[in-house]
Structure formats: structure tokens, C-alpha cells
file structure_11.txt (compact mmCIF, C-alpha atoms)
# COMPACT_ATOMS: atom_id res chain seq x y z
CA MET A 58 -20.04 -77.08 29.78
CA PRO A 59 -20.41 -74.29 27.21
CA TYR A 60 -18.93 -74.58 23.74
CA ILE A 61 -18.88 -72.28 20.71
CA ASN A 62 -18.10 -73.59 17.23
CA LEU A 63 -15.40 -71.47 15.63
CA ARG A 64 -14.33 -72.39 12.10
CA GLY A 65 -15.42 -75.99 12.49
CA VAL A 66 -13.97 -76.63 15.97
CA ASP A 67 -16.02 -76.65 19.18
CA HIS A 68 -14.19 -74.31 21.55
CA TYR A 69 -14.66 -74.76 25.27
CA TYR A 70 -15.04 -71.59 27.32
CA GLU A 71 -16.13 -70.65 30.80
CA TRP A 72 -16.90 -67.55 32.82
CA ILE A 73 -15.59 -66.93 36.32
CA SER A 74 -17.70 -64.10 37.66
CA THR A 75 -19.38 -62.97 40.84
CA SER A 76 -22.56 -62.23 38.85
CA ASP A 77 -25.44 -64.70 39.11
CA GLN A 78 -27.25 -63.36 36.03
CA PHE A 79 -26.36 -63.99 32.37
CA ASP A 80 -27.68 -62.42 29.17
CA SER A 81 -28.83 -64.12 25.97
CA ASN A 82 -25.21 -64.44 24.79
CA GLY A 83 -24.28 -66.26 27.98
CA ASN A 84 -22.32 -63.28 29.31
CA PRO A 85 -22.47 -62.16 32.94
CA VAL A 86 -24.82 -59.23 33.54
CA SER A 87 -22.36 -56.94 35.24
CA SER A 88 -20.76 -53.51 35.12
CA LYS A 89 -17.29 -55.03 35.41
CA PRO A 90 -14.87 -55.12 32.49
CA THR A 91 -13.96 -58.45 30.88
CA LEU A 92 -10.54 -60.02 31.38
CA VAL A 93 -9.73 -62.78 28.87
CA PHE A 94 -7.16 -65.45 29.76
CA ILE A 95 -5.10 -67.29 27.12
CA HIS A 96 -3.18 -70.41 28.13
CA GLY A 97 0.16 -71.60 26.79
CA TRP A 98 1.36 -74.57 24.78
CA ALA A 99 -0.29 -77.92 25.61
CA GLY A 100 -2.20 -76.33 28.49
CA SER A 101 -5.83 -75.40 29.12
CA THR A 102 -8.07 -73.03 31.05
CA ARG A 103 -7.49 -75.12 34.16
CA TYR A 104 -4.25 -73.50 35.28
CA TRP A 105 -5.76 -70.02 35.04
CA GLU A 106 -8.79 -70.76 37.23
CA SER A 107 -7.26 -69.79 40.58
CA THR A 108 -5.96 -66.49 39.16
CA ALA A 109 -9.35 -65.73 37.61
CA GLN A 110 -11.12 -66.54 40.87
CA ALA A 111 -8.89 -64.10 42.71
CA LEU A 112 -9.54 -61.33 40.16
CA SER A 113 -13.29 -61.90 39.80
CA ASP A 114 -13.94 -59.12 42.32
CA GLN A 115 -12.69 -56.66 39.68
CA PHE A 116 -13.39 -58.45 36.39
CA ASP A 117 -15.71 -60.87 34.67
CA CYS A 118 -13.09 -63.44 33.68
CA LEU A 119 -13.40 -65.34 30.40
CA LEU A 120 -11.27 -68.47 29.97
CA TYR A 121 -11.15 -70.65 26.86
CA ASP A 122 -9.18 -73.55 25.46
CA LEU A 123 -7.19 -72.94 22.29
CA ARG A 124 -7.98 -74.96 19.16
CA GLY A 125 -6.56 -78.47 19.57
CA PHE A 126 -5.94 -78.20 23.33
CA GLY A 127 -7.80 -78.85 26.57
CA ARG A 128 -11.46 -79.40 25.77
CA SER A 129 -11.28 -77.70 22.35
CA LEU A 130 -10.08 -80.83 20.56
CA LEU A 131 -10.22 -81.18 16.80
CA PRO A 132 -13.07 -83.18 15.21
CA ARG A 133 -12.11 -86.66 14.00
CA PRO A 134 -11.53 -87.29 11.20
CA ILE A 135 -10.23 -83.77 10.75
CA PRO A 136 -12.30 -82.05 8.01
CA PRO A 137 -10.25 -80.52 5.16
CA GLU A 138 -11.46 -77.02 6.05
CA VAL A 139 -10.20 -77.43 9.62
CA ALA A 140 -6.87 -78.87 8.50
CA ALA A 141 -6.51 -75.93 6.12
CA LEU A 142 -6.55 -73.50 9.06
CA GLY A 143 -3.04 -74.59 9.99
CA TYR A 144 -1.35 -73.70 13.25
CA GLU A 145 0.14 -70.28 12.67
CA LEU A 146 -0.24 -68.13 15.77
CA GLU A 147 -2.01 -65.46 13.69
CA GLY A 148 -4.76 -68.00 13.09
CA TYR A 149 -5.19 -68.46 16.83
CA ALA A 150 -5.42 -64.68 17.19
CA ASP A 151 -8.23 -64.72 14.63
CA ASP A 152 -9.94 -67.50 16.62
CA LEU A 153 -10.03 -65.16 19.61
CA ALA A 154 -11.58 -62.39 17.54
CA LEU A 155 -14.31 -64.80 16.41
CA LEU A 156 -14.91 -65.89 20.01
CA LEU A 157 -15.34 -62.29 21.12
CA ASP A 158 -17.70 -61.68 18.20
CA ALA A 159 -19.78 -64.72 19.13
CA LEU A 160 -20.08 -63.46 22.71
CA ASN A 161 -20.68 -59.88 21.57
CA LEU A 162 -17.66 -58.57 23.47
CA LYS A 163 -16.31 -55.37 21.94
CA ARG A 164 -13.32 -54.44 24.11
CA VAL A 165 -11.49 -56.50 26.72
CA PHE A 166 -8.40 -56.82 28.88
CA LEU A 167 -6.01 -59.71 28.21
CA ASN A 168 -3.84 -61.94 30.39
CA ALA A 169 -1.89 -64.48 28.36
CA HIS A 170 0.87 -66.96 29.14
CA SER A 171 3.88 -68.26 27.18
CA THR A 172 2.83 -69.23 23.63
CA GLY A 173 -0.54 -67.71 24.47
CA ALA A 174 1.26 -64.43 25.11
CA SER A 175 2.64 -64.49 21.56
CA ILE A 176 -0.92 -65.04 20.33
CA ALA A 177 -2.03 -62.08 22.45
CA VAL A 178 0.64 -59.79 20.97
CA LEU A 179 -0.51 -60.70 17.46
CA PHE A 180 -4.15 -60.24 18.45
CA ILE A 181 -3.51 -56.78 19.89
CA ASN A 182 -1.74 -55.59 16.75
CA ARG A 183 -4.40 -57.08 14.46
CA TYR A 184 -7.34 -55.84 16.54
CA PRO A 185 -6.04 -52.88 18.57
CA GLU A 186 -9.51 -51.40 19.03
CA ARG A 187 -10.56 -54.47 21.00
CA VAL A 188 -7.94 -54.36 23.80
CA GLU A 189 -7.74 -51.95 26.73
CA ARG A 190 -4.60 -53.28 28.45
CA ALA A 191 -2.65 -56.53 28.41
CA VAL A 192 -0.65 -58.69 30.78
CA LEU A 193 1.88 -61.01 29.13
CA THR A 194 3.13 -63.72 31.47
CA CYS A 195 6.45 -65.40 30.60
CA SER A 196 6.97 -63.93 27.16
CA GLY A 197 9.87 -62.49 25.20
CA ILE A 198 11.81 -62.48 21.95
CA PHE A 199 14.58 -64.81 20.88
CA GLU A 200 17.22 -64.96 18.18
CA TYR A 201 17.11 -67.50 15.36
CA GLU A 202 19.83 -70.14 15.27
CA ALA A 203 19.22 -72.75 12.59
CA ARG A 204 20.94 -75.74 14.19
CA SER A 205 19.41 -75.20 17.64
CA PHE A 206 15.94 -74.76 16.18
CA LYS A 207 16.29 -77.91 14.10
CA LEU A 208 17.34 -79.94 17.14
CA PHE A 209 14.49 -78.47 19.18
CA HIS A 210 11.95 -79.41 16.52
CA GLN A 211 13.33 -82.94 16.30
CA ALA A 212 13.13 -83.38 20.06
CA SER A 213 9.64 -81.88 20.12
CA LYS A 214 8.42 -84.31 17.48
CA TYR A 215 9.57 -87.20 19.63
CA VAL A 216 8.06 -85.75 22.82
CA VAL A 217 4.71 -84.98 21.18
CA GLY A 218 4.66 -88.37 19.49
CA PHE A 219 5.21 -90.30 22.73
CA ARG A 220 2.35 -89.38 25.06
CA PRO A 221 0.67 -92.62 26.17
CA ASN A 222 -2.43 -92.25 28.32
CA TRP A 223 -0.93 -94.55 30.96
CA LEU A 224 1.68 -91.88 31.67
CA THR A 225 -0.81 -90.04 33.91
CA ALA A 226 -1.20 -93.15 36.10
CA ILE A 227 2.50 -93.47 36.98
CA PRO A 228 3.16 -92.26 40.55
CA GLY A 229 5.36 -89.18 40.50
CA ALA A 230 5.11 -88.66 36.73
CA ASP A 231 3.39 -85.31 37.20
CA ARG A 232 6.16 -84.11 39.51
CA MET A 233 8.87 -85.23 37.08
CA PHE A 234 7.02 -83.67 34.13
CA MET A 235 6.82 -80.26 35.83
CA THR A 236 10.39 -80.15 37.17
CA ARG A 237 11.79 -78.02 34.35
CA PHE A 238 8.90 -75.55 34.53
CA LEU A 239 9.00 -74.71 38.23
CA ARG A 240 11.22 -73.10 40.83
CA ARG A 241 8.74 -73.43 43.71
CA PRO A 242 6.32 -76.30 44.33
CA ILE A 243 2.69 -76.10 43.24
CA SER A 244 -0.24 -78.29 44.25
CA GLY A 245 -0.40 -81.91 43.22
CA ALA A 246 -3.77 -81.27 41.56
CA ALA A 247 -2.24 -78.56 39.38
CA ARG A 248 0.68 -80.80 38.40
CA LYS A 249 -1.69 -83.61 37.48
CA ALA A 250 -3.83 -81.24 35.38
CA PHE A 251 -0.75 -80.08 33.46
CA LEU A 252 0.26 -83.64 32.65
CA GLU A 253 -3.29 -84.60 31.61
CA ASP A 254 -3.54 -81.59 29.30
CA PHE A 255 -0.19 -82.42 27.73
CA VAL A 256 -1.17 -86.05 27.12
CA THR A 257 -4.60 -85.26 25.64
CA ALA A 258 -3.65 -82.34 23.36
CA ASP A 259 -4.16 -83.05 19.66
CA TYR A 260 -0.96 -84.21 17.98
CA GLU A 261 -1.42 -81.88 15.02
CA ALA A 262 -1.97 -78.78 17.15
CA ALA A 263 0.75 -79.62 19.67
CA LEU A 264 3.41 -80.15 17.02
CA GLY A 265 2.12 -77.47 14.66
CA THR A 266 2.31 -74.73 17.28
CA VAL A 267 5.83 -75.79 18.27
CA TYR A 268 6.92 -75.34 14.66
CA THR A 269 5.28 -71.91 14.36
CA ALA A 270 6.03 -70.47 17.82
CA VAL A 271 9.70 -71.47 17.73
CA SER A 272 10.66 -70.65 14.17
CA GLN A 273 12.75 -68.35 12.02
CA LYS A 274 9.59 -66.44 11.14
CA ALA A 275 8.71 -65.88 14.82
CA ALA A 276 12.27 -64.84 15.68
CA GLU A 277 12.27 -62.30 12.87
CA GLU A 278 8.72 -60.96 13.22
CA MET A 279 7.98 -60.92 16.95
CA PRO A 280 10.43 -58.08 17.77
CA GLN A 281 8.53 -55.89 15.33
CA GLU A 282 5.22 -57.01 16.81
CA PHE A 283 6.38 -56.06 20.30
CA SER A 284 7.66 -52.69 19.08
CA GLN A 285 4.24 -51.89 17.60
CA LEU A 286 2.07 -52.76 20.61
CA PRO A 287 -0.34 -49.82 20.96
CA VAL A 288 -1.72 -50.50 24.45
CA PRO A 289 -0.16 -50.40 27.94
CA THR A 290 1.30 -53.85 28.57
CA LEU A 291 2.72 -55.51 31.66
CA LEU A 292 5.24 -58.29 30.95
CA ILE A 293 5.74 -60.57 33.96
CA SER A 294 8.77 -62.87 33.95
CA GLY A 295 9.91 -65.58 36.33
CA GLU A 296 13.43 -65.04 37.67
CA TYR A 297 14.46 -68.65 37.02
CA ASP A 298 12.33 -69.41 33.97
CA GLN A 299 14.20 -71.92 31.79
CA ILE A 300 11.57 -71.93 29.04
CA ILE A 301 11.44 -68.19 28.34
CA PRO A 302 14.21 -66.61 30.44
CA ALA A 303 13.61 -63.20 31.97
CA GLU A 304 16.33 -61.75 29.72
CA LEU A 305 14.18 -62.49 26.67
CA GLY A 306 11.38 -60.56 28.32
CA ARG A 307 13.74 -57.66 29.00
CA ARG A 308 14.67 -57.55 25.31
CA ALA A 309 11.01 -57.44 24.34
CA ALA A 310 10.14 -54.70 26.84
CA ALA A 311 13.09 -52.58 25.68
CA LEU A 312 11.51 -52.29 22.24
CA ASN A 313 8.44 -50.35 23.35
CA ASP A 314 7.85 -47.71 26.04
CA ARG A 315 4.32 -49.06 26.51
CA VAL A 316 5.72 -52.40 27.75
CA GLN A 317 6.76 -52.62 31.40
CA GLN A 318 8.59 -55.71 32.66
CA VAL A 319 8.39 -57.06 36.19
CA VAL A 320 10.50 -60.06 37.28
CA ILE A 321 9.07 -62.10 40.15
CA ASP A 322 11.82 -63.46 42.40
CA ASN A 323 12.30 -67.18 42.92
CA THR A 324 9.74 -68.29 40.33
CA ALA A 325 10.07 -69.96 36.94
CA HIS A 326 7.56 -70.53 34.11
CA PHE A 327 4.36 -70.39 36.19
CA PRO A 328 4.71 -67.40 38.54
CA MET A 329 0.91 -67.13 38.81
CA LEU A 330 0.95 -70.46 40.67
CA GLU A 331 4.40 -70.37 42.27
CA ASP A 332 3.90 -66.98 43.95
CA ALA A 333 0.25 -66.08 43.50
CA GLU A 334 0.35 -63.29 46.08
CA THR A 335 3.09 -61.31 44.33
CA TYR A 336 1.69 -62.07 40.89
CA LEU A 337 -1.79 -60.82 41.79
CA ARG A 338 -0.41 -57.72 43.48
CA GLN A 339 1.47 -56.76 40.32
CA ILE A 340 -1.61 -57.25 38.15
CA ARG A 341 -3.88 -55.30 40.48
CA GLN A 342 -1.43 -52.39 40.59
CA PHE A 343 -1.21 -52.35 36.80
CA LEU A 344 -4.97 -52.48 36.26
CA GLN A 345 -6.10 -50.45 39.27
CA PRO A 346 -6.60 -47.10 37.47
CA LEU A 347 -8.99 -48.81 35.06
CA GLN A 348 -11.31 -50.68 37.39
CA ALA A 349 -14.24 -48.45 36.48
CA ILE A 350 -14.01 -49.12 32.72
CA GLY A 351 -16.98 -51.12 31.40
call {"tool": "encode", "arguments": {"input": "structure_11.txt", "output": "C-alpha cells"}}
result
Amino acid sequence: MPYINLRGVDHYYEWISTSDQFDSNGNPVSSKPTLVFIHGWAGSTRYWESTAQALSDQFDCLLYDLRGFGRSLLPRPIPPEVAALGYELEGYADDLALLLDALNLKRVFLNAHSTGASIAVLFINRYPERVERAVLTCSGIFEYEARSFKLFHQASKYVVGFRPNWLTAIPGADRMFMTRFLRRPISGAARKAFLEDFVTADYEAALGTVYTAVSQKAAEEMPQEFSQLPVPTLLISGEYDQIIPAELGRRAAALNDRVQQVVIDNTAHFPMLEDAETYLRQIRQFLQPLQAIG
């Protein structure tokens, strides 16, 4: 399994490509453009794999685990220089820039989900020369309400603090865990992977990103970030998403003519798994004019 050390943390990454040759940087030898996938809160590369497989006829797909999640766990004990990085989403955007530098990738396409989509928006605005087009899955902007945010943070601290390993062994726990995220059923293997990723995520990263992604700062700054996006962007929402409702995506798309929203019927927070056929069709239509870009 390949890893790259970025700012003191070994980051897991993988390529899904039809190429069978790789250069000295570990990149596929191919004329296809690169599509980078960014997962959401407490997730990992695993839930993007089926989407990447389906798109590997058009793209060399790069998947990686965010700092503190999946297989990119923090070193223990956490060195002071790693702790000093904090968990602001801008820092995760800078992690991506360093990953691309390490792999010698100059310009890419992005497909990011949920909290990962917020990271992608920040990355695009910080490094606009590095992105051709972007797909934001289940993203949007929200209004700040002090009491609601405080209650959410309190609940999140409890949820993140209570994640015993034995939870993954309880029959039906994966189904119960995913209930709020789904409108349509997904495979048992995918549900199990989600629960495992949630349980194994580093406490500091899991809680830190909750505090930064759902915050007064994010509520005030993300509308401006969306309004400034300089590249064509497709925002895909799930009709019944309870985590980031489609209306929040509509508000974000309304801020910028470069952002186009599509709502996928009868899906919730994981439309790429709940209705893969429709999801892939929308992405292919959006990216089709650019298939020849290298």
C-alpha cells in the first residue's frame, strides 16, 4: 500500500487506472487526465472506489485518505509539529497541494464529497491554476445559529468520544449507523466499511474537523468562497439528504454562474452509491467535452 509523508503524517493513496505502467513518481503512464477524489468526514477512499472504477476508462483516478482518517492516521504520540497543524479545512487543502507536488501532478479534476467538498472549494480558490473542473457531491452553505451550533458540537463530542471497536461486531450496527445518511439501500460491505472508518478515525481529527466545518467562520466565509470559484463546477445533491439538504446546495450554486446544481431523485447523502447509474451519467455529461485534456 503506497504512502506519502506530508507534514509528518503518512498519507495513504491509491491509483485506479487502466494503465499497467507507472513512472518513477508512481503515476500511471497514460494520456488520460487525473481525477482526484476527496472523501467526507470520518470516511476514507473506500467509498469512492466503485465510482473511480467506473470512470477509469476516461481518467486516471487518484484516491487518498485525509489526515487523521482511513489509513492516514496520526502518529502516536502526536508530535508537536503535527498537533500544530490543527484541523482547519484550509490546512487540508494545503495537504492536497503537497500531495500533488509529491506526485508531480500539475493540473487535475476534482470530485469531492461533503466535508471533502468544502476542502475542495478552498483548494480551488487557493490553487486555481491546478484545477480544470470540479464536482462537489453533497455540498452547500448554511446560516450560523449559535445555539444550534453549540448543541451540535456537544452532541458530536459525545458521538466521537464513544466509538468502541466492538461496535463493528454487533449485528445490524452498520445498518443502524447508516440509516440517517441513506434514502436507498447500499451494499452490506459498503455499510460495514463506513462504520469501520468512523470507529477508527483519530479522535483529534474527527472532532477537530467537526468544529471547523460546522462553525461560525465556515458559515460566514464559505458563501464568499463559492462566489469566487473560478472553474466550471457541478454540484450534485441528494433529494432527501438530511446532512446537507439540497436547498443548501441551491443557495451555494446561486452565488456563482460557474456552479451548476443537479439534484438526484430519491437519494440522500451518498448518491454515488444509492443511484450510481444516474450519478455517473451526470458526471460524464459534465466532463465529456474535456476528455482529451492531458
call {"tool": "closest_residue", "arguments": {"input": "structure_11.txt", "among": "A:Val316, A:Ala140, A:Ala246, A:Val86", "to": "Val288 (chain A)", "atoms": "all atoms listed in the file"}}
result
A:Val316
call {"tool": "residues_around", "arguments": {"input": "structure_11.txt", "residues": "Thr225 (chain A)", "least_positions_apart": "2", "cutoff": "8 Å", "atoms": "only C-alpha atoms", "output": "number ranges by chain"}}
result
A: 222-223, 227, 230-231, 249, 252-253, 256
call {"tool": "closest_residue", "arguments": {"input": "structure_11.txt", "among": "A:Ile61, A:Val271, A:Val188, A:Ala258", "to": "Leu131 (chain A)", "atoms": "all atoms listed in the file"}}
result
A:Ala258
call {"tool": "closest_residue", "arguments": {"input": "structure_11.txt", "among": "A:Ala250, A:Ile198, A:Leu167, A:Val217", "to": "Leu291 (chain A)", "atoms": "only C-alpha atoms"}}
result
A:Leu167
call {"tool": "residues_around", "arguments": {"input": "structure_11.txt", "residues": "Cys195 (chain A)", "least_positions_apart": "5", "cutoff": "9 Å", "atoms": "all atoms listed in the file", "output": "PyMOL selection string"}}
result
chain A and resi 169-172+174+292-295+298+300-303+306+325-328
call {"tool": "closest_residue", "arguments": {"input": "structure_11.txt", "among": "A:Tyr70, A:Phe283, A:Phe255, A:Phe206", "to": "Ala159 (chain A)", "atoms": "only C-alpha atoms"}}
result
A:Tyr70
call {"tool": "atom_distance", "arguments": {"input": "structure_11.txt", "atom1": "CA of Arg338 (chain A)", "atom2": "CA of Pro280 (chain A)"}}
result
27.9 Å
call {"tool": "residues_around", "arguments": {"input": "structure_11.txt", "residues": "Asp117 (chain A)", "least_positions_apart": "3", "cutoff": "6 Å", "atoms": "only C-alpha atoms", "output": "list of chain:residue names"}}
result
A:Ser74, A:Thr91, A:Ser113
call {"tool": "atom_distance", "arguments": {"input": "structure_11.txt", "atom1": "CA of Gln285 (chain A)", "atom2": "CA of Arg183 (chain A)"}}
result
10.6 Å
call {"tool": "closest_residue", "arguments": {"input": "structure_11.txt", "among": "A:Phe199, A:Leu193, A:Ala111, A:Ala141", "to": "Val320 (chain A)", "atoms": "all atoms listed in the file"}}
result
A:Leu193
call {"tool": "residues_near_point", "arguments": {"input": "structure_11.txt", "point": "(-7.0, -63.7, 21.3)", "cutoff": "8 Å", "atoms": "all atoms listed in the file", "output": "list of chain:residue names"}}
result
A:Ile95, A:Tyr149, A:Ala150, A:Asp151, A:Asp152, A:Leu153, A:Ala154, A:Ile176, A:Ala177, A:Phe180, A:Ile181
call {"tool": "closest_residue", "arguments": {"input": "structure_11.txt", "among": "A:Leu146, A:Ala99, A:Met279, A:Ala191", "to": "Leu312 (chain A)", "atoms": "only C-alpha atoms"}}
result
A:Met279
call {"tool": "atom_distance", "arguments": {"input": "structure_11.txt", "atom1": "CA of Val267 (chain A)", "atom2": "CA of Lys207 (chain A)"}}
result
11.5 Å
call {"tool": "residues_around", "arguments": {"input": "structure_11.txt", "residues": "Tyr104 (chain A)", "least_positions_apart": "2", "cutoff": "8 Å", "atoms": "all atoms listed in the file", "output": "mmCIF file with C-alpha atoms, in the coordinates of the input"}}
result
data_model
loop_
_atom_site.group_PDB
_atom_site.id
_atom_site.type_symbol
_atom_site.label_atom_id
_atom_site.label_comp_id
_atom_site.auth_asym_id
_atom_site.auth_seq_id
_atom_site.Cartn_x
_atom_site.Cartn_y
_atom_site.Cartn_z
ATOM 1 C CA HIS A 96 -3.180 -70.410 28.130
ATOM 2 C CA GLY A 100 -2.200 -76.330 28.490
ATOM 3 C CA SER A 101 -5.830 -75.400 29.120
ATOM 4 C CA THR A 102 -8.070 -73.030 31.050
ATOM 5 C CA GLU A 106 -8.790 -70.760 37.230
ATOM 6 C CA SER A 107 -7.260 -69.790 40.580
ATOM 7 C CA ALA A 247 -2.240 -78.560 39.380
ATOM 8 C CA ALA A 250 -3.830 -81.240 35.380
ATOM 9 C CA PHE A 251 -0.750 -80.080 33.460
#
call {"tool": "residues_around", "arguments": {"input": "structure_11.txt", "residues": "Asp67 (chain A)", "least_positions_apart": "6", "cutoff": "12 Å", "atoms": "all atoms listed in the file", "output": "list of chain:residue names"}}
result
A:Met58, A:Pro59, A:Tyr60, A:Ile61, A:Tyr121, A:Asp122, A:Leu123, A:Arg124, A:Gly125, A:Phe126, A:Gly127, A:Arg128, A:Ser129, A:Leu130, A:Leu131, A:Pro132, A:Arg133, A:Val139, A:Asp152, A:Leu156
call {"tool": "build_atoms", "arguments": {"input": "structure_11.txt", "residues": "region 186-214 of chain A", "atoms": "N, CA and C atoms", "output": "mmCIF file, keeping the file's coordinate frame"}}
result
data_model
loop_
_atom_site.group_PDB
_atom_site.id
_atom_site.type_symbol
_atom_site.label_atom_id
_atom_site.label_comp_id
_atom_site.auth_asym_id
_atom_site.auth_seq_id
_atom_site.Cartn_x
_atom_site.Cartn_y
_atom_site.Cartn_z
ATOM 1 N N GLU A 186 -8.320 -52.054 18.480
ATOM 2 C CA GLU A 186 -9.510 -51.400 19.030
ATOM 3 C C GLU A 186 -10.245 -52.280 20.026
ATOM 4 N N ARG A 187 -9.831 -53.539 20.151
ATOM 5 C CA ARG A 187 -10.560 -54.470 21.000
ATOM 6 C C ARG A 187 -9.877 -54.713 22.348
ATOM 7 N N VAL A 188 -8.715 -54.088 22.581
ATOM 8 C CA VAL A 188 -7.940 -54.360 23.800
ATOM 9 C C VAL A 188 -7.693 -53.069 24.565
ATOM 10 N N GLU A 189 -7.978 -53.098 25.855
ATOM 11 C CA GLU A 189 -7.740 -51.950 26.730
ATOM 12 C C GLU A 189 -6.312 -51.979 27.275
ATOM 13 N N ARG A 190 -5.944 -53.066 27.922
ATOM 14 C CA ARG A 190 -4.600 -53.280 28.450
ATOM 15 C C ARG A 190 -4.306 -54.772 28.404
ATOM 16 N N ALA A 191 -3.023 -55.128 28.493
ATOM 17 C CA ALA A 191 -2.650 -56.530 28.410
ATOM 18 C C ALA A 191 -1.588 -56.885 29.426
ATOM 19 N N VAL A 192 -1.686 -58.105 29.945
ATOM 20 C CA VAL A 192 -0.650 -58.690 30.780
ATOM 21 C C VAL A 192 -0.093 -59.895 30.013
ATOM 22 N N LEU A 193 1.201 -59.901 29.799
ATOM 23 C CA LEU A 193 1.880 -61.010 29.130
ATOM 24 C C LEU A 193 2.729 -61.717 30.175
ATOM 25 N N THR A 194 2.434 -62.970 30.442
ATOM 26 C CA THR A 194 3.130 -63.720 31.470
ATOM 27 C C THR A 194 4.118 -64.678 30.821
ATOM 28 N N CYS A 195 5.401 -64.532 31.150
ATOM 29 C CA CYS A 195 6.450 -65.400 30.600
ATOM 30 C C CYS A 195 6.469 -65.315 29.079
ATOM 31 N N SER A 196 6.902 -64.181 28.598
ATOM 32 C CA SER A 196 6.970 -63.930 27.160
ATOM 33 C C SER A 196 8.295 -63.237 26.861
ATOM 34 N N GLY A 197 8.634 -63.155 25.579
ATOM 35 C CA GLY A 197 9.870 -62.490 25.200
ATOM 36 C C GLY A 197 10.195 -62.740 23.739
ATOM 37 N N ILE A 198 11.353 -62.276 23.317
ATOM 38 C CA ILE A 198 11.810 -62.480 21.950
ATOM 39 C C ILE A 198 13.134 -63.223 21.976
ATOM 40 N N PHE A 199 13.366 -64.008 20.936
ATOM 41 C CA PHE A 199 14.580 -64.810 20.880
ATOM 42 C C PHE A 199 15.217 -64.678 19.510
ATOM 43 N N GLU A 200 16.486 -65.025 19.437
ATOM 44 C CA GLU A 200 17.220 -64.960 18.180
ATOM 45 C C GLU A 200 17.175 -66.315 17.477
ATOM 46 N N TYR A 201 17.164 -66.274 16.155
ATOM 47 C CA TYR A 201 17.110 -67.500 15.360
ATOM 48 C C TYR A 201 18.509 -68.100 15.227
ATOM 49 N N GLU A 202 18.591 -69.393 15.467
ATOM 50 C CA GLU A 202 19.830 -70.140 15.270
ATOM 51 C C GLU A 202 19.449 -71.479 14.645
ATOM 52 N N ALA A 203 19.756 -71.657 13.393
ATOM 53 C CA ALA A 203 19.220 -72.750 12.590
ATOM 54 C C ALA A 203 19.438 -74.120 13.226
ATOM 55 N N ARG A 204 20.649 -74.413 13.666
ATOM 56 C CA ARG A 204 20.940 -75.740 14.190
ATOM 57 C C ARG A 204 20.157 -76.006 15.483
ATOM 58 N N SER A 205 20.126 -75.025 16.375
ATOM 59 C CA SER A 205 19.410 -75.200 17.640
ATOM 60 C C SER A 205 17.917 -75.399 17.397
ATOM 61 N N PHE A 206 17.366 -74.636 16.466
ATOM 62 C CA PHE A 206 15.940 -74.760 16.180
ATOM 63 C C PHE A 206 15.629 -76.126 15.577
ATOM 64 N N LYS A 207 16.500 -76.606 14.708
ATOM 65 C CA LYS A 207 16.290 -77.910 14.100
ATOM 66 C C LYS A 207 16.305 -79.007 15.154
ATOM 67 N N LEU A 208 17.264 -78.951 16.068
ATOM 68 C CA LEU A 208 17.340 -79.940 17.140
ATOM 69 C C LEU A 208 16.128 -79.866 18.051
ATOM 70 N N PHE A 209 15.680 -78.648 18.335
ATOM 71 C CA PHE A 209 14.490 -78.470 19.180
ATOM 72 C C PHE A 209 13.265 -79.077 18.518
ATOM 73 N N HIS A 210 13.107 -78.857 17.234
ATOM 74 C CA HIS A 210 11.950 -79.410 16.520
ATOM 75 C C HIS A 210 12.013 -80.934 16.482
ATOM 76 N N GLN A 211 13.198 -81.486 16.304
ATOM 77 C CA GLN A 211 13.330 -82.940 16.300
ATOM 78 C C GLN A 211 12.964 -83.532 17.652
ATOM 79 N N ALA A 212 13.447 -82.903 18.717
ATOM 80 C CA ALA A 212 13.130 -83.380 20.060
ATOM 81 C C ALA A 212 11.639 -83.225 20.342
ATOM 82 N N SER A 213 11.063 -82.122 19.901
ATOM 83 C CA SER A 213 9.640 -81.880 20.120
ATOM 84 C C SER A 213 8.780 -82.913 19.412
ATOM 85 N N LYS A 214 9.173 -83.299 18.219
ATOM 86 C CA LYS A 214 8.420 -84.310 17.480
ATOM 87 C C LYS A 214 8.403 -85.627 18.235
#
